[in-house]
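K.L.:
Encoded as structure tokens, here's the structure I'll be asking about.
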Amino acid sequence: MKFSVSRGELVDALGVVGRGLSSRSTLPILSGILMSADSSGEVTLQATDLEVSIKETLSLAGVERPGAAVLPGKLLGDIVRSLPEAAVTIDVDGEMAAITCLQSSFALRVLPHEDFPKFPHVESETMVSLPAGTAKETIKHVSKAVSRDETRPVLTGILVTVEGPQIKMVATDSYRLAVKESEIEGGCAEKLEVVIPAKVLEEVARVSGGNEDISLGVAENQIVFSFGRTVFVTRRIDGAFPNYRQLIPKESETKVSVAREELIAAVKRVSLLAQHNTPLRITVRAEDQTVSLSATSHEVGDASEDLMATVEGKDVEIAFNHVFLLDGLAAAGGETVDIDIVSPLKPGVITSPRDDGFLYLLMPVRLN
Amino acid sequence: MNEDATRWIGRAVIHLDMDAFFAAVEQLDDPELRGRPVIVGGDPKGRGVVSTASYEARTFGVRSAMPSARAAALCPDAVWVRPRFERYKELSDAVRRILEAETPHVEPASIDEAYADITPGRHGGEDPVALAGRIQGRVGALGVTCSIGVSTSKTVSKIASDHDKPHGLTVVRPGEEAAFLAPMPVSALPGIGSVSAERLAKAGVTTLGALAALDEHTARTLLGSHGIGAVQRAAGIDERPVAPRGDAKSISNERTFTTDVRSAEEVRGAVSALSRKVATRLDRAALAGRTVTLKVRYGDFTTRTVRRTIPVATSDAREIGDVVLELLGTVWSPGIGVRLLGVGMSGFESPAHQLELLAEDTGPDPQRAKLARSVEAVRERFGDGAIRSGRSFDGRRMP
């Protein structure tokens with residue numbers, strides 16, 4: 001195999017495919033990137049960790065001799081990034097690959113490409129097309145609520161629902177739950193509901209350009225994303241996503257409306273004394289129209305701060321994990337946020353008056 | 001009636017045992033559950049286990065510690081409830097206060113049972129049977145029921161409280177202990193597990209009467225160093241005092257290995273399992289600790305104890321496990337033989353508890369807690385070596 005391509009294009013492609021490299025040392029072949037050049041002049045790069053497979057096609061490569069080879073992925077990336085901006089030639093002969101660019105040349109031992117897992121072929125049953133910008137924006141609102149706990153795999157995913165003109169994403173780690181609904185420009189003919197591994201969805205959002213359309217295909221066991229010259233294939237997450245609708249309180253005893261940036265700044269200050277997981281206490285007083293934040297760290301000290309707010313309903317005292325609270329306030333966006341509270345033991349609901357597609361549910365910390 | 005004929009002579013100890021406690025609390029709190037089969041425990045669709053079944057559910061054959069799926073098959077109409085230990089603790093405390101109103105000599109044995117010494121003349125002068133009846137009535141007024149055994153010792157009262165459940169009051173008067181115990185199977189005696197019972201059965205000893213008649217040598221041969229004590233208790237002789245426990249200062253679990261373990265997998269696996277047990281017991285007691293202790297006894301019997309205090313009290317198995325594994329790295333490297341591992345928590349504070357949105361798979365595992373309690377009870381009585389996990393016998397991986 002021999003082909004040449006500009007250093008810039010190769011860096012970009014390796015940057016995308018490199019995200020699929022496996023860190024598991026048990027299967028050395030998975031630390032490699034498969035490069036294939038066919039007789040039609042197309043060059044593709046592939047990587048997989050067996051969970052996610054990524055394929056990127058180079059647009060402007062010149063193929064001199066078709067073939068395939070697996071090169072050590074991380075080293076290849078480091079080498080190509082270090083090269084000057086010029087044409088890079090990769091020439092594989094037998095067990096060695098020569099990488100040359102102007103006066104620089106490297107010879108790398110190749111890995112046996114016959115051992116490289118075949119790129120999964122997916123027959124999508126449903127296919128939708130999403131503007132990458134909308135997808136990114138929607139993901140951003142819910143990604144903090146995704147669980148990192150692998151013992152409940154379904155919660156490490158984001159529930160994605162596409163119906164008519166709307167895309168909805170839901171994530172929960174069982175302590176908080178985020179829902180974001182966005183309009184898809186031009187709408188979407190197909191209906192779809194699928195739990196997608198959050199890590200993959202975030203990677204896709206990171207890699208795709210803002211103006212591209214991401215095509216999302218769903219098969220029985222797999223999900224395929226294609227955009228530009230990139231294809232991502234990932235396994236679907238087994239298990240039913242919790243019925244989140246029933247978790248959302250129907251009513252509210254106390255409604256607080258407060259300037260978002262001010263609240264975030266106050267929470268950050270007071271949380272300095274809510275070290276580790278000690279809760280942040282929130283006292284809402286309707287008569288004073290105030291929200292008081294306080295925190296105490298055992299054997300360290302305490303902090304408190306009062307904020308003006310619009311309060312409707314009953315006085316209440318509730319406590320939250322400050323990190324969870326900040327995540328919700330950050331995701332809400334807008335100048336003000338609304339916080340609805342039913343009771344100190346029921347979830348609080350953060351919404352944004354400007355964005356009726358967003359909702360963040362947050363379980364309190366029970367005080368003793 | 002001649003008062004002298006019924007006067008209680010000697011010590012009087014009661015054992016109070018709540019009837020289907022967790023289920024009864026659920027039925028108390030939710031009137032809709034009353035009269036219906038209620039099962040407190042893990043998800044019937046998952047791999048949970050029954051923690052407590054109400055008496056209505058027990059008529060279907062549902063028992064504690066049974067896999068939830070099996071219970072669901074036996075009793076398809078059962079109402080399933082997730083355990084709420086804090087609420088059970090509240091009622092358990094209320095019951096303890098009822099006992100403490102009558103005598104300072106109260107020894108809680110677990111969340112749903114307690115001993116009390118009500119010897120006439122020791123604190124009050126009231127007849128023990130009348131007093132036990134009054135206690136039973138006051139517990140009933142809380143909305144839950146209990147069964148009480150009254151006798152001269154802890155062992156006999158414990159067996160008696162189980163004699164006529166639910167809502168039983170079983171009195172074994174002074175001098176009647178041996179006769180009461182004699183026809184009972186040996187397994188009725190606390191501390192005689194299935195292995196001991198089997199060994200006794202092979203020697204032709206199936207009843208407590210037969211056990212009580214064993215000579216010292218045979219008892220020692222069959223039951224080891226605990227044999228003599230077991231024979232005495234089978235005869236109704238048990239001098240152990242009712243000892244009010246101070247609040248626990250620490251909770252710990254240990255595991256002794258029959259052959260030294262050396263591999264990272266085994267040792268790390270064992271300390272993780274110990275961390276989970278300690279976490280479960282903390283949850284059960286509604287406690288959280290700040291000081292994590294790891295004890296390692298090496299193959300040469302030298303022992304190292306290391307501890308670390310974390311900033312915030314926890315009862316979370318993973319948090320405890322993480323600290324323990326860090327501590328492990330400071331005193332042990334793979335390849336070094338280990339005889340015993342222990343994990344402990346102290347420096348208790350009440351935990352601020354992050355509540356969960358999804359009830360599924362949350363909270364401590366009642367089965368594990370129950371197992372840990374039973375194992376602990378056996379070890380307290382018979383020593384560390386008396387009961388061991390299967391892991392230490394065949395080195396197989398624990399789930």
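Residue numbers start at 1 in each chain; chains themselves are named A, B, ... in the order of the structure tokens; ligands are numbered from 1 in the order shown.
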Residues of chain B that approach chain A to 6 Å or less, counting only C-alpha atoms: could you list each one with the shortest pair of atoms and its distance in Å to one decimal, rows by chain and increasing residue number, as CSV?
P.N.:
residue,atom,partner,partner_atom,distance
B:Ala352,CA,A:Leu367,CA,5.4
B:His353,CA,A:Arg366,CA,5.1
B:Gln354,CA,A:Val365,CA,4.1
B:Leu355,CA,A:Val365,CA,5.6
B:Glu356,CA,A:Tyr175,CA,4.9
B:Leu357,CA,A:Ser174,CA,5.1
B:Leu358,CA,A:Ser174,CA,5.4
K.L.:
Which neighbours of A:Thr310 fall inside 7 Å, counting only C-alpha atoms, when residues of the same chain fewer than 4 positions from it are skipped, and could you give them as number ranges by chain?
P.N.:
A: 256-258, 289
K.L.:
Write the selection just made, keeping N, CA and C atoms, as an mmCIF file, in the first residue's frame?
P.N.:
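The resulting file, out04.cif, is shown below:
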data_model
loop_
_atom_site.group_PDB
_atom_site.id
_atom_site.type_symbol
_atom_site.label_atom_id
_atom_site.label_comp_id
_atom_site.auth_asym_id
_atom_site.auth_seq_id
_atom_site.Cartn_x
_atom_site.Cartn_y
_atom_site.Cartn_z
ATOM 1 N N VAL A 256 -39.797 29.535 43.346
ATOM 2 C CA VAL A 256 -38.781 30.557 43.532
ATOM 3 C C VAL A 256 -38.268 30.966 42.163
ATOM 4 N N SER A 257 -38.206 32.256 41.943
ATOM 5 C CA SER A 257 -37.655 32.759 40.697
ATOM 6 C C SER A 257 -36.470 33.636 41.069
ATOM 7 N N VAL A 258 -35.299 33.342 40.507
ATOM 8 C CA VAL A 258 -34.116 34.038 40.985
ATOM 9 C C VAL A 258 -33.143 34.276 39.829
ATOM 10 N N GLN A 289 -39.254 37.384 50.812
ATOM 11 C CA GLN A 289 -38.867 37.224 49.400
ATOM 12 C C GLN A 289 -37.354 37.007 49.282
#
K.L.:
Quick one: pull the distance between atom CA of B:Phe85 and atom CA of B:Leu131, Å, one decimal.
P.N.:
29.0 Å
K.L.:
DSSP on the backbone, strand (DSSP E) only: what residues of stretch 105-234 of chain B does that give? Format it as a list of chain:residue names.
P.N.:
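Assigned to strand (DSSP E), within stretch 105-234 of chain B: B:Val106, B:Glu107, B:Pro108, B:Ala109, B:Ser110, B:Glu113, B:Ala114, B:Tyr115, B:Ala116, B:Asp117, B:Cys146, B:Ser147, B:Ile148, B:Gly149, B:Val150, B:Ser151, B:Leu169, B:Thr170, B:Val171.
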K.L.:
List every residue of stretch 105-314 of chain A that DSSP, applied to the backbone of this structure, places in helix (DSSP H, G or I), and write the result as a PyMOL selection string.
P.N.:
chain A and resi 113-115+132-145+153-156+198-207+244-247+260-271
K.L.:
Each residue of stretch 104-167 of chain B lying at most 10 Å from stretch 88-96 of chain B should get a row with its shortest atom-to-atom pair and the distance in Å to one decimal, counting only C-alpha atoms; could you produce that, ordered by chain and increasing number, as a Markdown table?
P.N.:
| residue | atom | partner | partner_atom | distance |
| --- | --- | --- | --- | --- |
| B:Val106 | CA | B:Arg96 | CA | 7.7 |
| B:Glu107 | CA | B:Arg96 | CA | 8.8 |
| B:Pro108 | CA | B:Arg96 | CA | 7.4 |
| B:Ser110 | CA | B:Ser92 | CA | 9.0 |
| B:Ile111 | CA | B:Ser92 | CA | 5.9 |
| B:Asp112 | CA | B:Ser92 | CA | 6.4 |
| B:Glu113 | CA | B:Ser92 | CA | 8.4 |
| B:Ala114 | CA | B:Arg96 | CA | 7.7 |
| B:Tyr115 | CA | B:Arg96 | CA | 9.7 |
| B:Ala116 | CA | B:Arg96 | CA | 9.6 |
| B:Ile135 | CA | B:Val95 | CA | 9.0 |
| B:Gln136 | CA | B:Val95 | CA | 9.8 |
| B:Arg138 | CA | B:Val95 | CA | 8.6 |
| B:Val139 | CA | B:Val95 | CA | 6.2 |
| B:Gly140 | CA | B:Val95 | CA | 9.7 |
| B:Leu142 | CA | B:Leu91 | CA | 8.0 |
| B:Gly143 | CA | B:Leu91 | CA | 9.6 |
| B:Val144 | CA | B:Leu91 | CA | 8.9 |
| B:Cys146 | CA | B:Val95 | CA | 9.7 |
K.L.:
Output all heavy atoms for every residue in the selection just made, as a tab-separated table (two decimals), in the first residue's frame.
P.N.:
chain	number	residue	atom	x	y	z
B	106	VAL	N	-31.86	-3.10	79.58
B	106	VAL	CA	-32.38	-3.45	78.26
B	106	VAL	C	-31.22	-3.67	77.31
B	106	VAL	O	-30.29	-2.86	77.28
B	106	VAL	CB	-33.30	-2.34	77.70
B	106	VAL	CG1	-33.77	-2.67	76.29
B	106	VAL	CG2	-34.49	-2.12	78.64
B	107	GLU	N	-31.25	-4.76	76.58
B	107	GLU	CA	-30.18	-5.06	75.63
B	107	GLU	C	-30.80	-5.28	74.25
B	107	GLU	O	-31.34	-6.34	73.96
B	107	GLU	CB	-29.43	-6.34	76.05
B	107	GLU	CG	-28.34	-6.74	75.07
B	107	GLU	CD	-27.66	-8.06	75.47
B	107	GLU	OE1	-27.61	-8.38	76.69
B	107	GLU	OE2	-27.20	-8.77	74.57
B	108	PRO	N	-30.73	-4.27	73.38
B	108	PRO	CA	-31.24	-4.49	72.02
B	108	PRO	C	-30.35	-5.51	71.33
B	108	PRO	O	-29.13	-5.41	71.36
B	108	PRO	CB	-31.10	-3.12	71.35
B	108	PRO	CG	-30.79	-2.15	72.45
B	108	PRO	CD	-30.15	-2.93	73.55
B	110	SER	N	-31.12	-6.60	68.04
B	110	SER	CA	-31.10	-6.17	66.64
B	110	SER	C	-32.24	-5.19	66.50
B	110	SER	O	-32.86	-4.81	67.49
B	110	SER	CB	-31.27	-7.36	65.69
B	110	SER	OG	-32.62	-7.78	65.69
B	111	ILE	N	-32.54	-4.82	65.26
B	111	ILE	CA	-33.57	-3.80	65.06
B	111	ILE	C	-34.94	-4.30	65.53
B	111	ILE	O	-35.77	-3.52	65.95
B	111	ILE	CB	-33.60	-3.33	63.58
B	111	ILE	CG1	-34.40	-2.04	63.42
B	111	ILE	CG2	-34.13	-4.43	62.67
B	111	ILE	CD1	-34.17	-1.32	62.12
B	112	ASP	N	-35.14	-5.62	65.50
B	112	ASP	CA	-36.48	-6.12	65.82
B	112	ASP	C	-36.52	-7.07	67.02
B	112	ASP	O	-37.50	-7.79	67.19
B	112	ASP	CB	-37.14	-6.76	64.60
B	112	ASP	CG	-36.34	-7.92	64.05
B	112	ASP	OD1	-35.27	-8.22	64.60
B	112	ASP	OD2	-36.79	-8.54	63.08
B	113	GLU	N	-35.49	-7.07	67.84
B	113	GLU	CA	-35.57	-7.87	69.06
B	113	GLU	C	-34.70	-7.28	70.16
B	113	GLU	O	-33.73	-6.58	69.88
B	113	GLU	CB	-35.18	-9.33	68.79
B	113	GLU	CG	-33.87	-9.48	68.09
B	113	GLU	CD	-33.51	-10.95	67.83
B	113	GLU	OE1	-33.68	-11.78	68.74
B	113	GLU	OE2	-33.03	-11.24	66.73
B	114	ALA	N	-35.10	-7.57	71.39
B	114	ALA	CA	-34.36	-7.04	72.53
B	114	ALA	C	-34.59	-7.92	73.76
B	114	ALA	O	-35.61	-8.60	73.87
B	114	ALA	CB	-34.81	-5.61	72.83
B	115	TYR	N	-33.60	-7.90	74.65
B	115	TYR	CA	-33.75	-8.57	75.95
B	115	TYR	C	-33.94	-7.50	77.02
B	115	TYR	O	-33.44	-6.38	76.88
B	115	TYR	CB	-32.47	-9.35	76.30
B	115	TYR	CG	-32.16	-10.50	75.38
B	115	TYR	CD1	-31.24	-10.36	74.34
B	115	TYR	CD2	-32.79	-11.73	75.56
B	115	TYR	CE1	-30.95	-11.42	73.50
B	115	TYR	CE2	-32.50	-12.80	74.71
B	115	TYR	CZ	-31.58	-12.65	73.69
B	115	TYR	OH	-31.30	-13.69	72.87
B	116	ALA	N	-34.66	-7.87	78.07
B	116	ALA	CA	-34.75	-6.97	79.22
B	116	ALA	C	-34.78	-7.81	80.49
B	116	ALA	O	-35.41	-8.87	80.52
B	116	ALA	CB	-36.01	-6.11	79.11
B	135	ILE	N	-46.12	-4.72	78.68
B	135	ILE	CA	-45.19	-4.28	77.62
B	135	ILE	C	-45.77	-4.64	76.25
B	135	ILE	O	-45.79	-3.83	75.33
B	135	ILE	CB	-43.79	-4.91	77.82
B	135	ILE	CG1	-43.10	-4.29	79.04
B	135	ILE	CG2	-42.94	-4.75	76.56
B	135	ILE	CD1	-41.84	-5.01	79.49
B	136	GLN	N	-46.30	-5.86	76.18
B	136	GLN	CA	-46.87	-6.31	74.90
B	136	GLN	C	-48.02	-5.39	74.48
B	136	GLN	O	-48.15	-5.03	73.31
B	136	GLN	CB	-47.35	-7.74	75.05
B	136	GLN	CG	-47.51	-8.44	73.72
B	136	GLN	CD	-47.82	-9.92	73.91
B	136	GLN	OE1	-48.49	-10.31	74.87
B	136	GLN	NE2	-47.32	-10.74	73.01
B	138	ARG	N	-48.41	-2.22	75.37
B	138	ARG	CA	-47.92	-0.89	74.99
B	138	ARG	C	-47.28	-0.90	73.60
B	138	ARG	O	-47.39	0.05	72.85
B	138	ARG	CB	-46.92	-0.38	76.04
B	138	ARG	CG	-47.60	-0.07	77.38
B	138	ARG	CD	-46.67	0.70	78.28
B	138	ARG	NE	-46.24	1.96	77.69
B	138	ARG	CZ	-45.23	2.70	78.15
B	138	ARG	NH1	-44.55	2.28	79.20
B	138	ARG	NH2	-44.91	3.82	77.56
B	139	VAL	N	-46.60	-2.01	73.28
B	139	VAL	CA	-46.04	-2.13	71.93
B	139	VAL	C	-47.19	-2.19	70.92
B	139	VAL	O	-47.15	-1.53	69.88
B	139	VAL	CB	-45.13	-3.38	71.81
B	139	VAL	CG1	-44.75	-3.63	70.35
B	139	VAL	CG2	-43.88	-3.21	72.66
B	140	GLY	N	-48.23	-2.92	71.29
B	140	GLY	CA	-49.40	-3.03	70.41
B	140	GLY	C	-50.01	-1.67	70.12
B	140	GLY	O	-50.48	-1.41	69.01
B	142	LEU	N	-48.54	0.96	69.61
B	142	LEU	CA	-47.78	1.65	68.55
B	142	LEU	C	-48.32	1.27	67.18
B	142	LEU	O	-48.01	1.91	66.18
B	142	LEU	CB	-46.29	1.26	68.60
B	142	LEU	CG	-45.46	1.66	69.80
B	142	LEU	CD1	-44.06	1.05	69.70
B	142	LEU	CD2	-45.34	3.18	69.89
B	143	GLY	N	-49.09	0.18	67.14
B	143	GLY	CA	-49.66	-0.25	65.87
B	143	GLY	C	-48.96	-1.46	65.29
B	143	GLY	O	-49.26	-1.89	64.18
B	144	VAL	N	-48.00	-2.01	66.03
B	144	VAL	CA	-47.32	-3.23	65.58
B	144	VAL	C	-47.36	-4.23	66.73
B	144	VAL	O	-47.60	-3.84	67.87
B	144	VAL	CB	-45.85	-2.95	65.18
B	144	VAL	CG1	-45.79	-2.22	63.86
B	144	VAL	CG2	-45.13	-2.17	66.26
B	146	CYS	N	-45.77	-7.75	68.95
B	146	CYS	CA	-44.55	-8.46	69.26
B	146	CYS	C	-44.89	-9.76	69.98
B	146	CYS	O	-46.00	-9.91	70.49
B	146	CYS	CB	-43.62	-7.61	70.13
B	146	CYS	SG	-44.30	-7.26	71.76
K.L.:
Using only C-alpha atoms, determine which residues lie at most 10 Å from A:Ser294, disregarding the query and same-chain residues fewer than 2 positions distant; provide the list as a list in words.
P.N.:
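Counting only the stated atoms, we get Ala266, Val267, Arg269, Val270, Ser271, Leu273, Ala274, Pro279, Leu280, Arg281, Ile282, Thr283, Ser292, Thr296, Asp302, Ala303, Ser304, Glu305, Asp306 and Ala319 of chain A.
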